[in-house]
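K.L.:
Pasting my_file38.pdb below, which is PDB, C-alpha atoms and all ligand atoms.
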```pdb
ATOM      1  CA  MET A   1      49.033  50.607   8.588  1.00  0.00           C
ATOM      2  CA  HIS A   2      47.669  51.099   5.075  1.00  0.00           C
ATOM      3  CA  THR A   3      43.930  50.509   4.839  1.00  0.00           C
ATOM      4  CA  PRO A   4      42.869  49.451   1.330  1.00  0.00           C
ATOM      5  CA  GLU A   5      40.355  51.730  -0.361  1.00  0.00           C
ATOM      6  CA  PRO A   6      36.898  50.145  -0.481  1.00  0.00           C
ATOM      7  CA  THR A   7      36.390  48.487  -3.851  1.00  0.00           C
ATOM      8  CA  THR A   8      33.349  49.553  -5.837  1.00  0.00           C
ATOM      9  CA  PRO A   9      31.707  47.167  -8.331  1.00  0.00           C
ATOM     10  CA  THR A  10      33.188  49.098 -11.216  1.00  0.00           C
ATOM     11  CA  ASP A  11      36.784  48.605 -10.123  1.00  0.00           C
ATOM     12  CA  HIS A  12      36.547  45.035  -8.812  1.00  0.00           C
ATOM     13  CA  PRO A  13      38.249  42.772 -11.390  1.00  0.00           C
ATOM     14  CA  LEU A  14      35.322  40.316 -11.471  1.00  0.00           C
ATOM     15  CA  LEU A  15      32.347  42.622 -10.902  1.00  0.00           C
ATOM     16  CA  ALA A  16      33.628  45.151 -13.423  1.00  0.00           C
ATOM     17  CA  ARG A  17      33.248  42.537 -16.190  1.00  0.00           C
ATOM     18  CA  LEU A  18      29.676  41.573 -15.300  1.00  0.00           C
ATOM     19  CA  PRO A  19      27.177  41.002 -16.763  1.00  0.00           C
ATOM     20  CA  VAL A  20      28.443  38.469 -19.300  1.00  0.00           C
ATOM     21  CA  ALA A  21      25.913  37.142 -21.827  1.00  0.00           C
ATOM     22  CA  ALA A  22      25.790  33.360 -22.300  1.00  0.00           C
ATOM     23  CA  GLY A  23      22.856  32.659 -24.621  1.00  0.00           C
ATOM     24  CA  ALA A  24      19.755  31.762 -22.613  1.00  0.00           C
ATOM     25  CA  VAL A  25      21.543  32.731 -19.389  1.00  0.00           C
ATOM     26  CA  THR A  26      23.575  35.671 -18.146  1.00  0.00           C
ATOM     27  CA  LEU A  27      26.390  35.770 -15.617  1.00  0.00           C
ATOM     28  CA  ARG A  28      25.707  38.599 -13.212  1.00  0.00           C
ATOM     29  CA  ALA A  29      26.425  39.710  -9.659  1.00  0.00           C
ATOM     30  CA  LEU A  30      24.360  38.019  -6.942  1.00  0.00           C
ATOM     31  CA  ARG A  31      22.109  40.346  -4.969  1.00  0.00           C
ATOM     32  CA  THR A  32      19.933  40.125  -1.886  1.00  0.00           C
ATOM     33  CA  GLY A  33      16.783  40.230  -4.063  1.00  0.00           C
ATOM     34  CA  ASP A  34      17.790  36.733  -5.297  1.00  0.00           C
ATOM     35  CA  ILE A  35      17.131  35.304  -1.845  1.00  0.00           C
ATOM     36  CA  ASP A  36      14.057  33.189  -2.632  1.00  0.00           C
ATOM     37  CA  ASP A  37      15.447  31.683  -5.837  1.00  0.00           C
ATOM     38  CA  PHE A  38      18.838  31.131  -4.181  1.00  0.00           C
ATOM     39  CA  LEU A  39      17.367  29.392  -1.115  1.00  0.00           C
ATOM     40  CA  ALA A  40      15.102  27.257  -3.305  1.00  0.00           C
ATOM     41  CA  TYR A  41      17.918  25.554  -5.229  1.00  0.00           C
ATOM     42  CA  ARG A  42      20.506  25.636  -2.434  1.00  0.00           C
ATOM     43  CA  SER A  43      18.016  23.812  -0.170  1.00  0.00           C
ATOM     44  CA  ASP A  44      17.284  21.134  -2.783  1.00  0.00           C
ATOM     45  CA  PRO A  45      18.947  17.906  -1.554  1.00  0.00           C
ATOM     46  CA  GLU A  46      19.568  16.824  -5.185  1.00  0.00           C
ATOM     47  CA  VAL A  47      21.537  20.011  -5.895  1.00  0.00           C
ATOM     48  CA  ALA A  48      23.377  19.910  -2.545  1.00  0.00           C
ATOM     49  CA  ARG A  49      24.165  16.175  -2.669  1.00  0.00           C
ATOM     50  CA  TYR A  50      27.800  16.374  -3.792  1.00  0.00           C
ATOM     51  CA  GLN A  51      28.532  19.926  -2.662  1.00  0.00           C
ATOM     52  CA  GLY A  52      30.848  20.978   0.132  1.00  0.00           C
ATOM     53  CA  TRP A  53      28.415  23.612   1.417  1.00  0.00           C
ATOM     54  CA  GLN A  54      25.684  23.108   4.017  1.00  0.00           C
ATOM     55  CA  PRO A  55      22.079  24.327   3.690  1.00  0.00           C
ATOM     56  CA  MET A  56      21.754  27.939   4.945  1.00  0.00           C
ATOM     57  CA  ASP A  57      18.987  29.698   6.808  1.00  0.00           C
ATOM     58  CA  ARG A  58      17.584  32.947   5.383  1.00  0.00           C
ATOM     59  CA  GLU A  59      19.840  35.184   7.451  1.00  0.00           C
ATOM     60  CA  ALA A  60      23.012  33.331   6.460  1.00  0.00           C
ATOM     61  CA  ALA A  61      21.884  33.288   2.816  1.00  0.00           C
ATOM     62  CA  LEU A  62      21.306  37.060   2.834  1.00  0.00           C
ATOM     63  CA  ALA A  63      24.789  37.621   4.271  1.00  0.00           C
ATOM     64  CA  PHE A  64      26.223  35.274   1.626  1.00  0.00           C
ATOM     65  CA  LEU A  65      24.471  37.125  -1.229  1.00  0.00           C
ATOM     66  CA  GLN A  66      25.590  40.482   0.114  1.00  0.00           C
ATOM     67  CA  ASP A  67      29.210  39.414   0.391  1.00  0.00           C
ATOM     68  CA  ALA A  68      29.471  37.032  -2.562  1.00  0.00           C
ATOM     69  CA  VAL A  69      32.584  38.576  -4.095  1.00  0.00           C
ATOM     70  CA  PRO A  70      35.369  39.344  -1.625  1.00  0.00           C
ATOM     71  CA  SER A  71      37.362  42.466  -2.213  1.00  0.00           C
ATOM     72  CA  PRO A  72      40.231  42.123  -2.754  1.00  0.00           C
ATOM     73  CA  TRP A  73      39.916  38.600  -4.217  1.00  0.00           C
ATOM     74  CA  ARG A  74      42.889  37.004  -2.480  1.00  0.00           C
ATOM     75  CA  GLU A  75      44.419  33.554  -2.807  1.00  0.00           C
ATOM     76  CA  GLY A  76      42.137  31.062  -1.018  1.00  0.00           C
ATOM     77  CA  ASP A  77      39.022  33.272  -1.335  1.00  0.00           C
ATOM     78  CA  TRP A  78      35.844  32.014  -2.995  1.00  0.00           C
ATOM     79  CA  ALA A  79      33.876  34.464  -5.146  1.00  0.00           C
ATOM     80  CA  GLN A  80      30.342  33.550  -6.250  1.00  0.00           C
ATOM     81  CA  ILE A  81      28.775  34.733  -9.509  1.00  0.00           C
ATOM     82  CA  GLY A  82      25.076  34.375 -10.327  1.00  0.00           C
ATOM     83  CA  ILE A  83      23.615  32.523 -13.325  1.00  0.00           C
ATOM     84  CA  ALA A  84      20.327  34.195 -14.306  1.00  0.00           C
ATOM     85  CA  ARG A  85      17.791  33.411 -17.024  1.00  0.00           C
ATOM     86  CA  ALA A  86      18.328  35.949 -19.775  1.00  0.00           C
ATOM     87  CA  ASN A  87      14.605  36.404 -20.456  1.00  0.00           C
ATOM     88  CA  ASP A  88      13.544  37.466 -16.942  1.00  0.00           C
ATOM     89  CA  ASP A  89      16.800  37.819 -14.932  1.00  0.00           C
ATOM     90  CA  ARG A  90      15.650  35.217 -12.332  1.00  0.00           C
ATOM     91  CA  LEU A  91      18.530  33.469 -10.582  1.00  0.00           C
ATOM     92  CA  VAL A  92      18.870  29.804 -11.585  1.00  0.00           C
ATOM     93  CA  GLY A  93      22.319  28.970 -10.270  1.00  0.00           C
ATOM     94  CA  ASP A  94      25.782  30.129  -9.362  1.00  0.00           C
ATOM     95  CA  ILE A  95      29.426  29.580 -10.151  1.00  0.00           C
ATOM     96  CA  GLY A  96      32.012  29.595  -7.361  1.00  0.00           C
ATOM     97  CA  LEU A  97      35.547  30.668  -8.192  1.00  0.00           C
ATOM     98  CA  GLN A  98      38.316  30.051  -5.693  1.00  0.00           C
ATOM     99  CA  ARG A  99      41.503  31.940  -6.335  1.00  0.00           C
ATOM    100  CA  GLU A 100      44.236  29.319  -5.991  1.00  0.00           C
ATOM    101  CA  GLY A 101      47.169  31.399  -7.131  1.00  0.00           C
ATOM    102  CA  ALA A 102      48.164  34.333  -9.311  1.00  0.00           C
ATOM    103  CA  ALA A 103      46.801  32.627 -12.441  1.00  0.00           C
ATOM    104  CA  GLN A 104      44.902  29.583 -11.152  1.00  0.00           C
ATOM    105  CA  VAL A 105      41.269  29.192 -10.139  1.00  0.00           C
ATOM    106  CA  GLN A 106      39.148  26.292  -8.876  1.00  0.00           C
ATOM    107  CA  LEU A 107      35.518  26.365  -9.933  1.00  0.00           C
ATOM    108  CA  GLY A 108      32.275  24.899  -8.652  1.00  0.00           C
ATOM    109  CA  PHE A 109      28.782  25.249 -10.106  1.00  0.00           C
ATOM    110  CA  SER A 110      25.168  24.676  -9.149  1.00  0.00           C
ATOM    111  CA  LEU A 111      22.025  24.896 -11.214  1.00  0.00           C
ATOM    112  CA  ALA A 112      18.413  24.676 -10.023  1.00  0.00           C
ATOM    113  CA  ARG A 113      16.925  21.323 -10.983  1.00  0.00           C
ATOM    114  CA  GLY A 114      14.378  22.946 -13.307  1.00  0.00           C
ATOM    115  CA  ALA A 115      17.174  24.667 -15.234  1.00  0.00           C
ATOM    116  CA  GLN A 116      19.261  21.520 -15.802  1.00  0.00           C
ATOM    117  CA  GLY A 117      19.451  19.480 -18.992  1.00  0.00           C
ATOM    118  CA  ARG A 118      19.403  22.471 -21.366  1.00  0.00           C
ATOM    119  CA  GLY A 119      23.098  23.231 -21.753  1.00  0.00           C
ATOM    120  CA  TRP A 120      22.841  26.318 -19.513  1.00  0.00           C
ATOM    121  CA  ALA A 121      25.606  25.291 -17.101  1.00  0.00           C
ATOM    122  CA  GLN A 122      27.897  24.601 -20.026  1.00  0.00           C
ATOM    123  CA  ALA A 123      27.138  28.009 -21.576  1.00  0.00           C
ATOM    124  CA  ALA A 124      27.636  29.721 -18.205  1.00  0.00           C
ATOM    125  CA  VAL A 125      31.003  28.093 -17.471  1.00  0.00           C
ATOM    126  CA  ARG A 126      32.204  28.776 -21.017  1.00  0.00           C
ATOM    127  CA  ALA A 127      31.241  32.445 -20.669  1.00  0.00           C
ATOM    128  CA  CYS A 128      32.948  32.550 -17.290  1.00  0.00           C
ATOM    129  CA  MET A 129      36.166  31.322 -18.897  1.00  0.00           C
ATOM    130  CA  THR A 130      36.117  33.624 -21.921  1.00  0.00           C
ATOM    131  CA  GLY A 131      34.434  36.672 -20.368  1.00  0.00           C
ATOM    132  CA  LEU A 132      35.956  36.702 -16.883  1.00  0.00           C
ATOM    133  CA  LEU A 133      38.922  34.412 -16.323  1.00  0.00           C
ATOM    134  CA  VAL A 134      40.881  34.829 -19.562  1.00  0.00           C
ATOM    135  CA  PRO A 135      40.636  38.658 -19.482  1.00  0.00           C
ATOM    136  CA  LEU A 136      41.872  38.520 -15.873  1.00  0.00           C
ATOM    137  CA  GLY A 137      45.002  36.653 -16.970  1.00  0.00           C
ATOM    138  CA  MET A 138      44.041  33.287 -15.451  1.00  0.00           C
ATOM    139  CA  THR A 139      45.741  30.388 -17.221  1.00  0.00           C
ATOM    140  CA  ARG A 140      44.664  27.284 -15.307  1.00  0.00           C
ATOM    141  CA  LEU A 141      41.259  26.137 -14.110  1.00  0.00           C
ATOM    142  CA  ARG A 142      40.526  23.142 -11.840  1.00  0.00           C
ATOM    143  CA  GLY A 143      37.329  21.371 -10.916  1.00  0.00           C
ATOM    144  CA  ILE A 144      37.020  18.773  -8.153  1.00  0.00           C
ATOM    145  CA  THR A 145      34.044  16.476  -8.289  1.00  0.00           C
ATOM    146  CA  ASP A 146      32.717  13.328  -6.668  1.00  0.00           C
ATOM    147  CA  ALA A 147      33.214  10.355  -9.004  1.00  0.00           C
ATOM    148  CA  ARG A 148      29.472   9.553  -8.638  1.00  0.00           C
ATOM    149  CA  ASN A 149      28.494  13.020  -9.905  1.00  0.00           C
ATOM    150  CA  ALA A 150      28.009  11.983 -13.528  1.00  0.00           C
ATOM    151  CA  ALA A 151      26.363  15.270 -14.641  1.00  0.00           C
ATOM    152  CA  SER A 152      29.288  17.288 -13.318  1.00  0.00           C
ATOM    153  CA  LEU A 153      31.852  14.960 -14.944  1.00  0.00           C
ATOM    154  CA  ARG A 154      30.001  15.152 -18.287  1.00  0.00           C
ATOM    155  CA  LEU A 155      29.904  18.944 -18.100  1.00  0.00           C
ATOM    156  CA  LEU A 156      33.616  19.236 -17.328  1.00  0.00           C
ATOM    157  CA  SER A 157      34.583  16.773 -20.020  1.00  0.00           C
ATOM    158  CA  ARG A 158      32.428  18.605 -22.630  1.00  0.00           C
ATOM    159  CA  LEU A 159      34.377  21.717 -21.670  1.00  0.00           C
ATOM    160  CA  ASP A 160      37.692  19.910 -22.346  1.00  0.00           C
ATOM    161  CA  PHE A 161      38.736  19.440 -18.732  1.00  0.00           C
ATOM    162  CA  VAL A 162      40.938  16.378 -18.306  1.00  0.00           C
ATOM    163  CA  PRO A 163      41.276  14.245 -15.164  1.00  0.00           C
ATOM    164  CA  THR A 164      44.611  14.787 -13.433  1.00  0.00           C
ATOM    165  CA  ALA A 165      44.171  13.161 -10.022  1.00  0.00           C
ATOM    166  CA  SER A 166      41.818  11.119  -7.906  1.00  0.00           C
ATOM    167  CA  GLU A 167      41.673  10.702  -4.171  1.00  0.00           C
ATOM    168  CA  ASP A 168      39.688   8.416  -1.882  1.00  0.00           C
ATOM    169  CA  VAL A 169      38.040  10.508   0.805  1.00  0.00           C
ATOM    170  CA  VAL A 170      35.206  10.332   3.316  1.00  0.00           C
ATOM    171  CA  PHE A 171      32.461  12.826   2.472  1.00  0.00           C
ATOM    172  CA  ARG A 172      29.482  13.195   4.833  1.00  0.00           C
ATOM    173  CA  GLY A 173      30.389   9.880   6.428  1.00  0.00           C
ATOM    174  CA  GLU A 174      30.542   7.996   3.108  1.00  0.00           C
ATOM    175  CA  ALA A 175      33.655   6.663   1.380  1.00  0.00           C
ATOM    176  CA  CYS A 176      33.945   8.175  -2.094  1.00  0.00           C
ATOM    177  CA  THR A 177      36.464   9.207  -4.712  1.00  0.00           C
ATOM    178  CA  GLU A 178      37.124  12.823  -5.621  1.00  0.00           C
ATOM    179  CA  ILE A 179      38.319  13.443  -9.165  1.00  0.00           C
ATOM    180  CA  THR A 180      40.339  16.538 -10.022  1.00  0.00           C
ATOM    181  CA  LEU A 181      39.990  17.777 -13.604  1.00  0.00           C
ATOM    182  CA  GLU A 182      41.988  20.591 -15.133  1.00  0.00           C
ATOM    183  CA  ARG A 183      42.018  22.779 -18.185  1.00  0.00           C
ATOM    184  CA  ARG A 184      44.383  25.410 -19.506  1.00  0.00           C
ATOM    185  CA  LEU A 185      42.770  28.697 -20.441  1.00  0.00           C
TER     186      LEU A 185
HETATM  187  C1  LIG B   1      26.488  19.783 -12.575  1.00  0.00           C
HETATM  188  C2  LIG B   1      25.299  20.514 -13.186  1.00  0.00           C
HETATM  189  C3  LIG B   1      25.496  22.015 -13.091  1.00  0.00           C
HETATM  190  C4  LIG B   1      25.144  20.080 -14.642  1.00  0.00           C
HETATM  191  O1  LIG B   1      23.960  20.641 -15.171  1.00  0.00           O
HETATM  192  P1  LIG B   1      23.479  20.252 -16.661  1.00  0.00           P
HETATM  193  O2  LIG B   1      22.294  21.053 -16.971  1.00  0.00           O
HETATM  194  O3  LIG B   1      23.389  18.774 -16.769  1.00  0.00           O
HETATM  195  O4  LIG B   1      24.735  20.703 -17.526  1.00  0.00           O
HETATM  196  P2  LIG B   1      24.849  21.257 -18.998  1.00  0.00           P
HETATM  197  O5  LIG B   1      24.586  22.682 -19.064  1.00  0.00           O
HETATM  198  O6  LIG B   1      26.164  20.776 -19.487  1.00  0.00           O
HETATM  199  O7  LIG B   1      23.673  20.541 -19.784  1.00  0.00           O
HETATM  200  C5  LIG B   1      23.936  19.312 -20.381  1.00  0.00           C
HETATM  201  C6  LIG B   1      22.667  18.560 -20.608  1.00  0.00           C
HETATM  202  O8  LIG B   1      21.718  19.385 -21.312  1.00  0.00           O
HETATM  203  C7  LIG B   1      21.334  18.724 -22.533  1.00  0.00           C
HETATM  204  N1  LIG B   1      21.007  19.772 -23.502  1.00  0.00           N
HETATM  205  C8  LIG B   1      19.752  20.066 -23.927  1.00  0.00           C
HETATM  206  N2  LIG B   1      19.793  21.095 -24.770  1.00  0.00           N
HETATM  207  C9  LIG B   1      21.088  21.465 -24.896  1.00  0.00           C
HETATM  208  C10 LIG B   1      21.743  22.468 -25.652  1.00  0.00           C
HETATM  209  N3  LIG B   1      21.067  23.311 -26.425  1.00  0.00           N
HETATM  210  N4  LIG B   1      23.085  22.581 -25.551  1.00  0.00           N
HETATM  211  C11 LIG B   1      23.797  21.740 -24.767  1.00  0.00           C
HETATM  212  N5  LIG B   1      23.213  20.766 -24.021  1.00  0.00           N
HETATM  213  C12 LIG B   1      21.867  20.628 -24.092  1.00  0.00           C
HETATM  214  C13 LIG B   1      22.504  17.852 -22.880  1.00  0.00           C
HETATM  215  O9  LIG B   1      22.140  16.774 -23.701  1.00  0.00           O
HETATM  216  C14 LIG B   1      22.958  17.382 -21.514  1.00  0.00           C
HETATM  217  O10 LIG B   1      22.177  16.325 -21.047  1.00  0.00           O
HETATM  218  P3  LIG B   1      22.940  14.974 -20.570  1.00  0.00           P
HETATM  219  O11 LIG B   1      24.027  15.367 -19.601  1.00  0.00           O
HETATM  220  O12 LIG B   1      21.838  14.172 -19.971  1.00  0.00           O
HETATM  221  O13 LIG B   1      23.538  14.403 -21.797  1.00  0.00           O
HETATM  222  C15 LIG B   1      23.989  20.130 -12.424  1.00  0.00           C
HETATM  223  O14 LIG B   1      23.805  18.743 -12.507  1.00  0.00           O
HETATM  224  C16 LIG B   1      23.991  20.541 -10.960  1.00  0.00           C
HETATM  225  O15 LIG B   1      23.763  21.705 -10.626  1.00  0.00           O
HETATM  226  N6  LIG B   1      24.235  19.579 -10.062  1.00  0.00           N
HETATM  227  C17 LIG B   1      24.194  19.872  -8.636  1.00  0.00           C
HETATM  228  C18 LIG B   1      25.389  20.681  -8.202  1.00  0.00           C
HETATM  229  C19 LIG B   1      26.688  19.935  -8.392  1.00  0.00           C
HETATM  230  O16 LIG B   1      26.795  18.757  -8.072  1.00  0.00           O
HETATM  231  N7  LIG B   1      27.707  20.640  -8.890  1.00  0.00           N
HETATM  232  C20 LIG B   1      29.009  20.080  -9.156  1.00  0.00           C
HETATM  233  C21 LIG B   1      29.896  20.199  -8.007  1.00  0.00           C
HETATM  234  S1  LIG B   1      31.367  21.069  -8.476  1.00  0.00           S
END
```
Could you spell out this file's structure in structure tokens?
Ligand SMILES: CC(C)(COP(=O)(O)OP(=O)(O)OC[C@H]1O[C@@H](n2cnc3c(N)ncnc32)[C@H](O)[C@@H]1OP(=O)(O)O)[C@@H](O)C(=O)NCCC(=O)NCCS
P.N.:
Amino acid sequence: MHTPEPTTPTDHPLLARLPVAAGAVTLRALRTGDIDDFLAYRSDPEVARYQGWQPMDREAALAFLQDAVPSPWREGDWAQIGIARANDDRLVGDIGLQREGAAQVQLGFSLARGAQGRGWAQAAVRACMTGLLVPLGMTRLRGITDARNAASLRLLSRLDFVPTASEDVVFRGEACTEITLERRL
């Protein structure tokens, strides 16, 4: 059986394009040294409220940071990219990219509460599109968000995503509606 060669950051299609500048923030690879900043916002109930992920303990978070970008990045896999403040490189959030097909990706995003309301998520997602996804040949991007998540809906609509579907689901025991928004790249 053929065993794939281990992928180094320089030949991974996502990691090779990092860092990507996005004004006050930079997209960069996550690293284990981000652990305290990462745990701080991922443990914030306001940030986690509409997210599919569960709070992690330190050990799980370290494993997550170490293995944030699967290699190869196959259909169904999530890859996580860090959003860091440009002035001091401190982690303030992350973007999740799930490969949904040869040219389609689903994205998710989280920003520490103290970093919200400044246009940083918008700049980060825009840079992700132009600096990572378009050069990789991706042509379609989807976001799925809870209908109550107004900040996420505003962000996606400012980035020209348009609603394409909605579905009533039960999330954490509560009835809610999930909206799918899409954008061509
Ligand atoms: C979704 C989320 C990333 C949006 O963060 P955000 O900071 O509101 O998003 P943006 O970067 O688009 O910033 C927009 C806000 O900054 C304000 N702003 C201030 N200065 C700005 C500037 N220079 N440029 C652009 N916007 C600016 C805008 O007016 C806007 O405020 P408003 O939405 O109250 O009108 C954030 O709410 C979050 O992390 N939520 C928790 C995680 C989550 O639910 N993720 C979605 C699941 S997929």
K.L.:
As a quick test: using only C-alpha atoms and all ligand atoms, which residues lie no more than 7 Å away from ligand LIG 1 (chain B)? Give them as a VMD selection string.
P.N.:
chain A and resid 46 to 51 107 to 113 115 to 123 143 to 145 149 151 to 152 154 to 155
K.L.:
Output, as AutoDock Vina command-line options, the centre and edge lengths in Å (one decimal) of the axis-aligned box that contains all listed atoms of segment 165-168 of chain A with 6 Å of margin on each side.
P.N.:
```
--center_x 41.9 --center_y 10.8 --center_z -6.0 --size_x 16.5 --size_y 16.7 --size_z 20.1
```
K.L.:
Could you work out how far atom CA of Phe38 of chain A lies from atom CA of Ile95 of chain A, giving the answer in Å with one decimal?
P.N.:
12.3 Å
K.L.:
Once the PyMOL selection byres (((chain A and resi 98) around 12) and not hetatm) has been evaluated on this model, what residues remain selected, and can you format them as a ChimeraX atom specification?
P.N.:
/A:68-70,73-81,95-97,99-109,133,138,140-144
K.L.:
With 10 Å as the threshold, what does the neighbourhood of (20.1, 22.6, 6.6) contain in terms of residues, counting only C-alpha atoms? Coordinates are those of the file; answer as a ChimeraX atom specification.
P.N.:
/A:42-45,53-57
K.L.:
Pull C-alpha atoms from the residues just selected and write them as an mmCIF file, in the coordinates of the input.
P.N.:
```
data_model
loop_
_atom_site.group_PDB
_atom_site.id
_atom_site.type_symbol
_atom_site.label_atom_id
_atom_site.label_comp_id
_atom_site.auth_asym_id
_atom_site.auth_seq_id
_atom_site.Cartn_x
_atom_site.Cartn_y
_atom_site.Cartn_z
ATOM 1 C CA ARG A 42 20.506 25.636 -2.434
ATOM 2 C CA SER A 43 18.016 23.812 -0.170
ATOM 3 C CA ASP A 44 17.284 21.134 -2.783
ATOM 4 C CA PRO A 45 18.947 17.906 -1.554
ATOM 5 C CA TRP A 53 28.415 23.612 1.417
ATOM 6 C CA GLN A 54 25.684 23.108 4.017
ATOM 7 C CA PRO A 55 22.079 24.327 3.690
ATOM 8 C CA MET A 56 21.754 27.939 4.945
ATOM 9 C CA ASP A 57 18.987 29.698 6.808
#
```
K.L.:
Could you check the closest approach to Ala86 of chain A for each of A:Cys176, A:Leu181, A:Val20, A:Val162 and tell me which residue wins, using all atoms listed in the file?
P.N.:
A:Val20
K.L.:
Would you compute the distance between atom CA of Gly114 of chain A and atom CA of Asp37 of chain A? Give it in Å to one decimal.
P.N.:
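Here the two named atoms are 11.5 Å from each other.
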K.L.:
So how many Å separate atom CA of Tyr41 of chain A and atom CA of Asp94 of chain A, to one decimal?
P.N.:
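Value for the atom CA of Tyr41 of chain A-atom CA of Asp94 of chain A distance: 10.0 Å.
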K.L.:
Carefully work through the PyMOL selection byres (((chain A and resi 24-28) around 10) and not hetatm) for this structure and note down the residues it includes, as a PyMOL selection string.
P.N.:
chain A and resi 14-15+17-23+29-31+80-95+118-121+123-125+127-128+131-132
K.L.:
Check the smallest atom-to-atom distance from each of A:Leu185, A:Thr32, A:Glu174, A:Val134 to Asp67 of chain A using all atoms listed in the file, then report the winner.
P.N.:
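Smallest separation from Asp67 of chain A among the options: A:Thr32.
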K.L.:
Just checking: using only C-alpha atoms, which residue out of A:Leu39, A:Ile179, A:Arg158, A:Gly173 ends up closest to Leu62 of chain A?
P.N.:
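For Leu62 of chain A, the nearest of the candidates is A:Leu39.
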K.L.:
Choose the residue, out of A:Ala40, A:Ala165, A:Val170, A:Leu153, that has the smallest atom-to-atom separation from Ala61 of chain A; count only C-alpha atoms.
P.N.:
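Counting only C-alpha atoms, the residue closest to Ala61 of chain A is A:Ala40.
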K.L.:
Name the residues in contact with Phe161 of chain A at a cut-off of 6 Å, using all atoms listed in the file, excluding same-chain residues fewer than 2 positions from it; report them as a VMD selection string.
P.N.:
chain A and resid 156 to 157 159 181 to 183
K.L.:
Quick one: of A:Pro13, A:Arg58, A:Ala63, A:Asp146, who's nearest to Val169 of chain A, counting all atoms listed in the file?
P.N.:
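For Val169 of chain A, the nearest of the given residues is A:Asp146.
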K.L.:
Have a look at A:Ala150, A:Ala175, A:Met129, A:Ile35 and name the one nearest to Gln66 of chain A; count all atoms listed in the file.
P.N.:
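Using all atoms listed in the file, the shortest distance to Gln66 of chain A belongs to A:Ile35.
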K.L.:
Output segment 9-21 of chain A with N, CA and C atoms present, as an mmCIF file, in the frame of the given file.
P.N.:
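Resulting contents of result-v1.cif:
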```cif
data_model
loop_
_atom_site.group_PDB
_atom_site.id
_atom_site.type_symbol
_atom_site.label_atom_id
_atom_site.label_comp_id
_atom_site.auth_asym_id
_atom_site.auth_seq_id
_atom_site.Cartn_x
_atom_site.Cartn_y
_atom_site.Cartn_z
ATOM 1 N N PRO A 9 31.919 48.163 -7.278
ATOM 2 C CA PRO A 9 31.707 47.167 -8.331
ATOM 3 C C PRO A 9 32.447 47.497 -9.612
ATOM 4 N N THR A 10 32.585 48.778 -9.926
ATOM 5 C CA THR A 10 33.188 49.098 -11.216
ATOM 6 C C THR A 10 34.700 48.887 -11.237
ATOM 7 N N ASP A 11 35.341 48.849 -10.056
ATOM 8 C CA ASP A 11 36.784 48.605 -10.123
ATOM 9 C C ASP A 11 37.177 47.215 -9.616
ATOM 10 N N HIS A 12 36.208 46.396 -9.195
ATOM 11 C CA HIS A 12 36.547 45.035 -8.812
ATOM 12 C C HIS A 12 36.804 44.232 -10.093
ATOM 13 N N PRO A 13 37.912 43.453 -10.138
ATOM 14 C CA PRO A 13 38.249 42.772 -11.390
ATOM 15 C C PRO A 13 37.163 41.838 -11.901
ATOM 16 N N LEU A 14 36.401 41.195 -11.014
ATOM 17 C CA LEU A 14 35.322 40.316 -11.471
ATOM 18 C C LEU A 14 34.051 41.113 -11.743
ATOM 19 N N LEU A 15 33.627 41.910 -10.768
ATOM 20 C CA LEU A 15 32.347 42.622 -10.902
ATOM 21 C C LEU A 15 32.364 43.600 -12.074
ATOM 22 N N ALA A 16 33.535 44.169 -12.332
ATOM 23 C CA ALA A 16 33.628 45.151 -13.423
ATOM 24 C C ALA A 16 33.309 44.527 -14.774
ATOM 25 N N ARG A 17 33.479 43.196 -14.886
ATOM 26 C CA ARG A 17 33.248 42.537 -16.190
ATOM 27 C C ARG A 17 31.837 41.964 -16.316
ATOM 28 N N LEU A 18 31.052 42.085 -15.268
ATOM 29 C CA LEU A 18 29.676 41.573 -15.300
ATOM 30 C C LEU A 18 28.713 42.680 -15.740
ATOM 31 N N PRO A 19 27.617 42.332 -16.400
ATOM 32 C CA PRO A 19 27.177 41.002 -16.763
ATOM 33 C C PRO A 19 27.892 40.471 -18.004
ATOM 34 N N VAL A 20 27.903 39.131 -18.112
ATOM 35 C CA VAL A 20 28.443 38.469 -19.300
ATOM 36 C C VAL A 20 27.311 37.628 -19.903
ATOM 37 N N ALA A 21 27.000 37.876 -21.163
ATOM 38 C CA ALA A 21 25.913 37.142 -21.827
ATOM 39 C C ALA A 21 26.372 35.728 -22.169
#
```
